[in-house]
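See below for target23.cif, which holds mmCIF, C-alpha atoms.
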```cif
data_target
#
loop_
_atom_site.label_atom_id
_atom_site.label_comp_id
_atom_site.auth_asym_id
_atom_site.auth_seq_id
_atom_site.Cartn_x
_atom_site.Cartn_y
_atom_site.Cartn_z
CA VAL M 14 -47.81 18.79 -19.04
CA ARG M 15 -48.88 17.98 -22.57
CA ILE M 16 -48.00 21.16 -24.43
CA ALA M 17 -44.96 23.37 -24.29
CA HIS M 18 -43.79 26.18 -26.52
CA ILE M 19 -40.35 27.36 -27.49
CA LYS M 20 -40.09 31.00 -28.53
CA PRO M 21 -37.17 33.01 -29.93
CA GLY M 22 -35.03 34.00 -26.99
CA GLY M 23 -36.26 31.36 -24.61
CA ALA M 24 -38.06 28.15 -23.83
CA TYR M 25 -41.57 28.73 -22.57
CA ILE M 26 -42.93 25.77 -20.67
CA SER M 27 -46.45 25.69 -19.28
CA LEU M 28 -46.45 23.42 -16.24
CA LYS M 29 -49.92 22.06 -15.63
CA GLY M 30 -50.93 22.70 -12.06
CA GLY M 31 -47.60 24.37 -11.34
CA THR M 32 -46.99 27.13 -8.85
CA LEU M 33 -43.87 28.80 -10.23
CA ASP M 34 -44.08 32.49 -10.95
CA PRO M 35 -40.84 33.70 -12.59
CA GLU M 36 -40.33 37.36 -11.90
CA HIS M 37 -40.68 38.35 -15.54
CA GLN M 38 -43.96 36.47 -15.93
CA THR M 39 -47.31 37.43 -14.43
CA ALA M 40 -49.62 34.74 -15.79
CA PRO M 41 -50.89 32.28 -13.16
CA ALA M 42 -49.67 29.29 -15.14
CA ALA M 43 -46.14 28.27 -14.26
CA GLU M 44 -43.66 29.36 -16.89
CA ILE M 45 -39.94 28.88 -17.35
CA TRP M 46 -37.57 30.74 -19.65
CA THR M 47 -34.04 30.02 -20.75
CA GLY M 48 -31.74 32.04 -22.94
CA SER M 49 -31.81 29.60 -25.85
CA LYS M 50 -32.25 31.13 -29.30
CA LEU M 51 -34.82 28.81 -30.77
CA PRO M 52 -37.69 29.17 -33.25
CA TRP M 53 -41.28 28.78 -32.16
CA VAL M 54 -42.52 25.22 -31.94
CA THR M 55 -45.28 23.32 -30.18
CA LEU M 56 -44.23 20.22 -28.26
CA LEU M 57 -46.98 17.65 -27.85
CA ASP M 58 -45.23 15.28 -25.46
CA ALA M 59 -43.18 17.44 -23.15
CA PRO M 60 -42.29 15.68 -19.89
CA ALA M 61 -44.30 16.56 -16.80
CA TRP M 62 -42.66 18.26 -13.83
CA GLU M 63 -43.75 19.40 -10.43
CA GLY M 64 -42.01 22.68 -9.80
CA GLN M 65 -38.71 23.75 -11.33
CA PRO M 66 -37.12 21.11 -13.59
CA PRO M 67 -33.51 20.36 -12.67
CA ASP M 68 -32.29 21.27 -16.16
CA MET M 69 -33.61 21.92 -19.64
CA ALA M 70 -32.40 18.66 -21.18
CA PRO M 71 -35.87 17.01 -21.20
CA VAL M 72 -37.31 20.14 -22.80
CA MET M 73 -34.67 20.22 -25.49
CA ALA M 74 -35.17 16.49 -26.15
CA ALA M 75 -38.91 17.02 -26.56
CA TYR M 76 -38.20 19.96 -28.86
CA ALA M 77 -35.89 17.86 -31.06
CA LYS M 78 -38.42 15.03 -31.28
CA ALA M 79 -41.29 17.35 -32.17
CA ARG M 80 -39.30 19.12 -34.88
CA THR M 81 -38.15 15.82 -36.38
CA GLN M 82 -41.63 14.32 -36.39
CA ALA M 83 -43.11 17.44 -37.97
CA ALA M 84 -40.40 17.49 -40.65
CA TYR M 85 -41.12 13.91 -41.70
CA ASP M 86 -44.89 14.40 -41.60
CA ALA M 87 -44.52 17.38 -43.92
CA ARG M 88 -42.19 15.61 -46.38
CA ALA M 89 -43.63 12.07 -46.36
CA ALA M 90 -45.09 12.27 -49.87
CA ASP M 91 -41.82 13.68 -51.23
CA TYR M 92 -39.80 10.91 -49.58
CA ASN M 93 -42.11 8.29 -51.00
CA ALA M 94 -41.97 9.72 -54.51
CA ASN M 95 -38.26 10.55 -54.73
CA TYR M 96 -36.23 8.56 -52.21
CA ALA M 97 -37.93 5.19 -51.72
CA ARG M 98 -35.96 2.43 -53.44
CA SER M 99 -37.78 -0.50 -55.04
CA THR M 100 -34.81 -2.88 -55.11
CA PRO M 101 -32.63 -3.76 -52.09
CA ASP M 102 -29.15 -2.30 -51.80
CA GLY M 103 -26.13 -4.22 -50.53
CA ASP M 104 -26.83 -3.48 -46.87
CA LEU M 105 -30.41 -4.73 -47.02
CA LEU M 106 -29.37 -7.81 -48.97
CA ALA M 107 -26.71 -8.62 -46.35
CA PHE M 108 -29.25 -8.13 -43.56
CA MET M 109 -31.79 -10.45 -45.18
CA GLU M 110 -29.06 -13.01 -45.76
CA ALA M 111 -28.20 -12.92 -42.04
CA VAL M 112 -31.77 -13.29 -40.77
CA CYS M 113 -33.34 -16.75 -40.64
CA PRO M 114 -35.45 -17.38 -43.76
CA GLY M 115 -39.08 -16.38 -43.35
CA GLY M 116 -38.36 -14.76 -39.98
CA ARG M 117 -40.25 -11.91 -38.35
CA VAL M 118 -38.57 -8.57 -39.02
CA LEU M 119 -39.14 -4.95 -38.01
CA ASP M 120 -38.33 -1.92 -40.13
CA LEU M 121 -37.69 0.55 -37.28
CA GLY M 122 -38.17 4.16 -38.36
CA CYS M 123 -39.56 2.82 -41.62
CA GLY M 124 -40.26 6.08 -43.43
CA PRO M 125 -42.49 5.24 -46.42
CA GLY M 126 -41.98 1.51 -45.79
CA ASN M 127 -40.15 0.53 -48.95
CA SER M 128 -37.57 -1.55 -47.07
CA ALA M 129 -40.34 -3.36 -45.21
CA GLN M 130 -42.05 -4.13 -48.51
CA MET M 131 -38.84 -5.51 -49.99
CA MET M 132 -38.40 -7.75 -46.96
CA ALA M 133 -42.00 -8.93 -47.27
CA GLU M 134 -41.40 -9.71 -50.94
CA ALA M 135 -38.36 -11.77 -49.89
CA GLY M 136 -40.57 -13.97 -47.73
CA PHE M 137 -40.19 -12.35 -44.31
CA THR M 138 -43.05 -11.41 -41.99
CA ALA M 139 -42.55 -7.68 -42.18
CA GLU M 140 -43.63 -5.08 -39.66
CA ALA M 141 -42.84 -1.38 -39.76
CA SER M 142 -42.91 1.45 -37.25
CA ASP M 143 -42.34 5.18 -37.45
CA VAL M 144 -43.09 8.25 -35.34
CA SER M 145 -44.56 10.03 -38.36
CA ALA M 146 -48.25 9.37 -38.89
CA GLU M 147 -47.93 10.27 -42.57
CA MET M 148 -45.06 7.85 -43.11
CA VAL M 149 -47.02 5.10 -41.38
CA ARG M 150 -50.05 5.78 -43.56
CA ILE M 151 -47.93 5.30 -46.68
CA ALA M 152 -46.11 2.24 -45.30
CA ALA M 153 -49.35 0.55 -44.25
CA ALA M 154 -50.60 0.69 -47.85
CA ARG M 155 -47.68 -1.40 -49.08
CA PRO M 156 -48.36 -5.09 -49.81
CA GLY M 157 -47.33 -7.44 -47.02
CA VAL M 158 -46.47 -4.68 -44.53
CA THR M 159 -48.07 -4.19 -41.12
CA ALA M 160 -47.27 -0.66 -39.95
CA ARG M 161 -47.81 1.22 -36.71
CA GLN M 162 -47.06 4.68 -35.38
CA GLU M 163 -44.57 4.42 -32.54
CA SER M 164 -41.78 6.56 -31.11
CA PHE M 165 -38.55 5.18 -29.69
CA ASP M 166 -39.91 5.98 -26.23
CA GLN M 167 -42.91 3.72 -26.88
CA ILE M 168 -40.98 0.60 -27.87
CA ASP M 169 -42.22 -2.60 -26.26
CA PRO M 170 -39.03 -4.52 -25.37
CA THR M 171 -40.68 -7.95 -25.51
CA PRO M 172 -38.42 -10.33 -27.52
CA ARG M 173 -40.21 -11.20 -30.75
CA TYR M 174 -38.11 -10.32 -33.83
CA ASP M 175 -35.59 -12.35 -35.77
CA GLY M 176 -34.26 -9.18 -37.31
CA ILE M 177 -34.54 -5.41 -36.85
CA TRP M 178 -33.64 -3.06 -39.68
CA ALA M 179 -32.81 0.30 -38.06
CA ASN M 180 -31.38 2.15 -41.02
CA CYS M 181 -30.98 5.91 -40.55
CA SER M 182 -33.56 5.91 -37.76
CA LEU M 183 -31.85 5.76 -34.37
CA LEU M 184 -29.54 8.54 -35.54
CA HIS M 185 -32.51 10.79 -34.70
CA SER M 186 -32.41 9.70 -31.04
CA VAL M 187 -31.16 12.44 -28.71
CA LYS M 188 -27.73 11.45 -27.41
CA GLY M 189 -28.84 11.47 -23.79
CA GLU M 190 -31.60 8.97 -24.63
CA PHE M 191 -29.78 6.82 -27.21
CA PRO M 192 -28.51 4.20 -24.70
CA ARG M 193 -32.04 3.63 -23.40
CA HIS M 194 -33.50 3.44 -26.91
CA LEU M 195 -30.79 1.05 -28.13
CA ARG M 196 -31.34 -1.16 -25.08
CA ALA M 197 -35.07 -1.36 -25.85
CA VAL M 198 -34.37 -2.21 -29.49
CA ALA M 199 -31.90 -4.96 -28.59
CA ALA M 200 -34.41 -6.41 -26.11
CA MET M 201 -36.90 -6.97 -28.96
CA LEU M 202 -34.54 -9.45 -30.62
CA LEU M 203 -35.05 -13.17 -30.22
CA PRO M 204 -31.97 -15.33 -29.47
CA GLY M 205 -29.83 -15.30 -32.58
CA GLY M 206 -31.60 -12.21 -33.89
CA VAL M 207 -29.84 -9.65 -36.08
CA LEU M 208 -29.81 -5.86 -35.81
CA HIS M 209 -28.78 -3.60 -38.67
CA LEU M 210 -27.89 -0.17 -37.26
CA GLY M 211 -27.33 2.57 -39.84
CA MET M 212 -25.87 5.74 -38.29
CA ASN M 213 -23.89 8.85 -39.23
CA LEU M 214 -20.21 8.95 -38.31
CA GLY M 215 -19.01 12.22 -36.81
CA THR M 216 -19.38 14.30 -33.67
CA GLY M 217 -22.09 16.37 -32.01
CA GLU M 218 -25.83 16.57 -32.49
CA GLY M 219 -28.37 19.14 -33.64
CA LEU M 220 -31.04 20.07 -36.17
CA ASP M 221 -30.42 20.15 -39.90
CA ALA M 222 -31.86 22.72 -42.30
CA ALA M 223 -35.08 20.70 -42.59
CA GLY M 224 -35.57 20.68 -38.82
CA ARG M 225 -34.58 17.04 -38.26
CA HIS M 226 -32.46 16.15 -35.24
CA TYR M 227 -29.31 14.11 -35.91
CA ALA M 228 -26.75 12.66 -33.51
CA ASN M 229 -23.32 11.60 -34.75
CA TYR M 230 -20.95 9.04 -33.26
CA SER M 231 -17.55 7.53 -33.93
CA ARG M 232 -17.31 3.92 -35.03
CA ASP M 233 -15.75 3.01 -31.66
CA GLU M 234 -18.61 4.69 -29.78
CA LEU M 235 -21.19 2.72 -31.74
CA VAL M 236 -19.38 -0.59 -31.26
CA ALA M 237 -19.14 0.10 -27.53
CA ALA M 238 -22.85 0.99 -27.39
CA LEU M 239 -23.80 -2.26 -29.12
CA HIS M 240 -21.60 -4.28 -26.78
CA SER M 241 -23.16 -2.54 -23.78
CA VAL M 242 -26.60 -3.94 -24.69
CA GLY M 243 -25.30 -7.46 -25.17
CA LEU M 244 -24.90 -7.53 -28.95
CA THR M 245 -21.93 -8.94 -30.84
CA VAL M 246 -20.74 -6.85 -33.78
CA PHE M 247 -19.96 -9.00 -36.81
CA ALA M 248 -19.75 -6.27 -39.46
CA ALA M 249 -18.95 -2.58 -39.07
#
```
Would you write out, as structure tokens, the structure that this file holds?
Amino acid sequence: VRIAHIKPGGAYISLKGGTLDPEHQTAPAAEIWTGSKLPWVTLLDAPAWEGQPPDMAPVMAAYAKARTQAAYDARAADYNANYARSTPDGDLLAFMEAVCPGGRVLDLGCGPGNSAQMMAEAGFTAEASDVSAEMVRIAAARPGVTARQESFDQIDPTPRYDGIWANCSLLHSVKGEFPRHLRAVAAMLLPGGVLHLGMNLGTGEGLDAAGRHYANYSRDELVAALHSVGLTVFAA
């Protein structure tokens, strides 16, 4: 199925070619409802099922991704005008210091691409990726930056980067999918490659007032997650 809807009072999922007929629905298309109190949203990449899904976790993950993408598409110009730094902060400087000079780097979840531009200006071969088409459009216009639209689910795990700057990006990954996404990110690193992972410390996950999904972790949880994908933590 390519499109699903979530209405107040329940999740409404149209299952393409399905045969379900919940007793409170009469339309021929298969439909499923849950008791979740959620605002209306259109999901463009809902997972496909045949028959009744085992739980609503994939639906809720698709919901969170769609809301987050829409929020960043809507606010891309504002982010670029008001939040994009033009000089590197301490974290970015430390990252660039750790990556081999002139190496190939990826700004994962690049937003307006300002970090990618700063890395390009420092002599790195800078690429940038983001799920938001509007953010990618802005990033691609920056000198020295090659940008592409790509979700965490679409990551190609082929090893090819000397460094990956994932600052405040993977914190949008749904907790149930974070291990898989982190594994794919780590797989893109060449031997000796460096990952910067910027996350929020705390507990739980959910949408903020702007509709963006955030997942919080403890420091120990993040260190364990990095170790589980074969990375050594040298600063935390």
Counting only C-alpha atoms, which residues sit no farther than 8 Å from the position (-41.7, -11.7, -41.4) in the file's frame? I'd like them as number ranges by chain. M: 115-119, 132-133, 136-140
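The smallest atom-to-atom distance between Pro172 of chain M and any of M:Leu220, M:Met131, M:Ala160, M:Val198, using all atoms listed in the file, is found for M:Val198.
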Which residues match the PyMOL selection byres ((chain M and resi 151) around 12) in the file above, as a short mmCIF file (atom, residue, chain, number, x, y, z; two decimals) with C-alpha atoms, in the frame of the given file?
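Contents of the output file expr-v9.cif:
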```
data_model
loop_
_atom_site.label_atom_id
_atom_site.label_comp_id
_atom_site.auth_asym_id
_atom_site.auth_seq_id
_atom_site.Cartn_x
_atom_site.Cartn_y
_atom_site.Cartn_z
CA ASP M 86 -44.89 14.40 -41.60
CA ARG M 88 -42.19 15.61 -46.38
CA ALA M 89 -43.63 12.07 -46.36
CA ALA M 90 -45.09 12.27 -49.87
CA ASP M 91 -41.82 13.68 -51.23
CA TYR M 92 -39.80 10.91 -49.58
CA ASN M 93 -42.11 8.29 -51.00
CA ALA M 94 -41.97 9.72 -54.51
CA ALA M 97 -37.93 5.19 -51.72
CA CYS M 123 -39.56 2.82 -41.62
CA GLY M 124 -40.26 6.08 -43.43
CA PRO M 125 -42.49 5.24 -46.42
CA GLY M 126 -41.98 1.51 -45.79
CA ASN M 127 -40.15 0.53 -48.95
CA ALA M 129 -40.34 -3.36 -45.21
CA GLN M 130 -42.05 -4.13 -48.51
CA ALA M 141 -42.84 -1.38 -39.76
CA SER M 142 -42.91 1.45 -37.25
CA ASP M 143 -42.34 5.18 -37.45
CA SER M 145 -44.56 10.03 -38.36
CA ALA M 146 -48.25 9.37 -38.89
CA GLU M 147 -47.93 10.27 -42.57
CA MET M 148 -45.06 7.85 -43.11
CA VAL M 149 -47.02 5.10 -41.38
CA ARG M 150 -50.05 5.78 -43.56
CA ALA M 152 -46.11 2.24 -45.30
CA ALA M 153 -49.35 0.55 -44.25
CA ALA M 154 -50.60 0.69 -47.85
CA ARG M 155 -47.68 -1.40 -49.08
CA PRO M 156 -48.36 -5.09 -49.81
CA VAL M 158 -46.47 -4.68 -44.53
CA THR M 159 -48.07 -4.19 -41.12
CA ALA M 160 -47.27 -0.66 -39.95
CA ARG M 161 -47.81 1.22 -36.71
CA GLN M 162 -47.06 4.68 -35.38
#
```
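With all atoms listed in the file as the basis for measurement, M:Leu235 is the residue among M:Tyr227, M:Tyr96, M:Leu195, M:Leu235 that approaches Ala248 of chain M most closely.
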The PyMOL selection byres ((chain M and resi 215) around 7) resolved against shown file, as a ChimeraX atom specification: /M:213-214,216,229-231
Just to confirm, what's the straight-line distance from atom CA of His185 of chain M to atom CA of Ala87 of chain M in Å (one decimal)?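 Taking atom CA of His185 of chain M as the start and atom CA of Ala87 of chain M as the end point, the length is 16.5 Å.
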Report as a PyMOL selection string the residues that result from applying the PyMOL selection byres ((chain M and resi 112) around 8) to the structure here. chain M and resi 108-111+113-114+116+175-176+206-207
Go ahead and save the picked residues with C-alpha atoms, as a PDB file, in the coordinates of the input.
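result32.pdb was written with the following content:
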```
ATOM      1  CA  PHE M 108     -29.250  -8.130 -43.560  1.00  0.00           C
ATOM      2  CA  MET M 109     -31.790 -10.450 -45.180  1.00  0.00           C
ATOM      3  CA  GLU M 110     -29.060 -13.010 -45.760  1.00  0.00           C
ATOM      4  CA  ALA M 111     -28.200 -12.920 -42.040  1.00  0.00           C
ATOM      5  CA  CYS M 113     -33.340 -16.750 -40.640  1.00  0.00           C
ATOM      6  CA  PRO M 114     -35.450 -17.380 -43.760  1.00  0.00           C
ATOM      7  CA  GLY M 116     -38.360 -14.760 -39.980  1.00  0.00           C
ATOM      8  CA  ASP M 175     -35.590 -12.350 -35.770  1.00  0.00           C
ATOM      9  CA  GLY M 176     -34.260  -9.180 -37.310  1.00  0.00           C
ATOM     10  CA  GLY M 206     -31.600 -12.210 -33.890  1.00  0.00           C
ATOM     11  CA  VAL M 207     -29.840  -9.650 -36.080  1.00  0.00           C
TER      12      VAL M 207
END
```
Of the listed residues M:Ala197, M:Leu184, M:Ala74, M:Leu208, that which approaches Ala107 of chain M most closely, counting all atoms listed in the file: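 Smallest separation from Ala107 of chain M among the options: M:Leu208.
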Leaving out Ala179 of chain M and any residue of its chain fewer than 3 positions from it, which residues lie within 9 Å of it when counting only C-alpha atoms, given as a list of chain:residue names?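 So the residues in contact are M:Leu119, M:Asp120, M:Leu121, M:Gly122, M:Cys123, M:Ser182, M:Leu183, M:Leu208, M:His209, M:Leu210, M:Gly211, M:Met212.
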Best match for closeness to Val242 of chain M among M:Gly205, M:Leu106, M:Pro192, M:Gly224, counting all atoms listed in the file: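 Using all atoms listed in the file, the shortest distance to Val242 of chain M belongs to M:Pro192.
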So what do you get for atom CA of Val72 of chain M versus atom CA of Val187 of chain M, distance-wise? 11.5 Å
Counting all atoms listed in the file, figure out which residue out of M:Thr81, M:Thr245, M:Ser186, M:Asn180 gets nearest to Leu105 of chain M.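 Smallest distance to Leu105 of chain M is found for M:Asn180.
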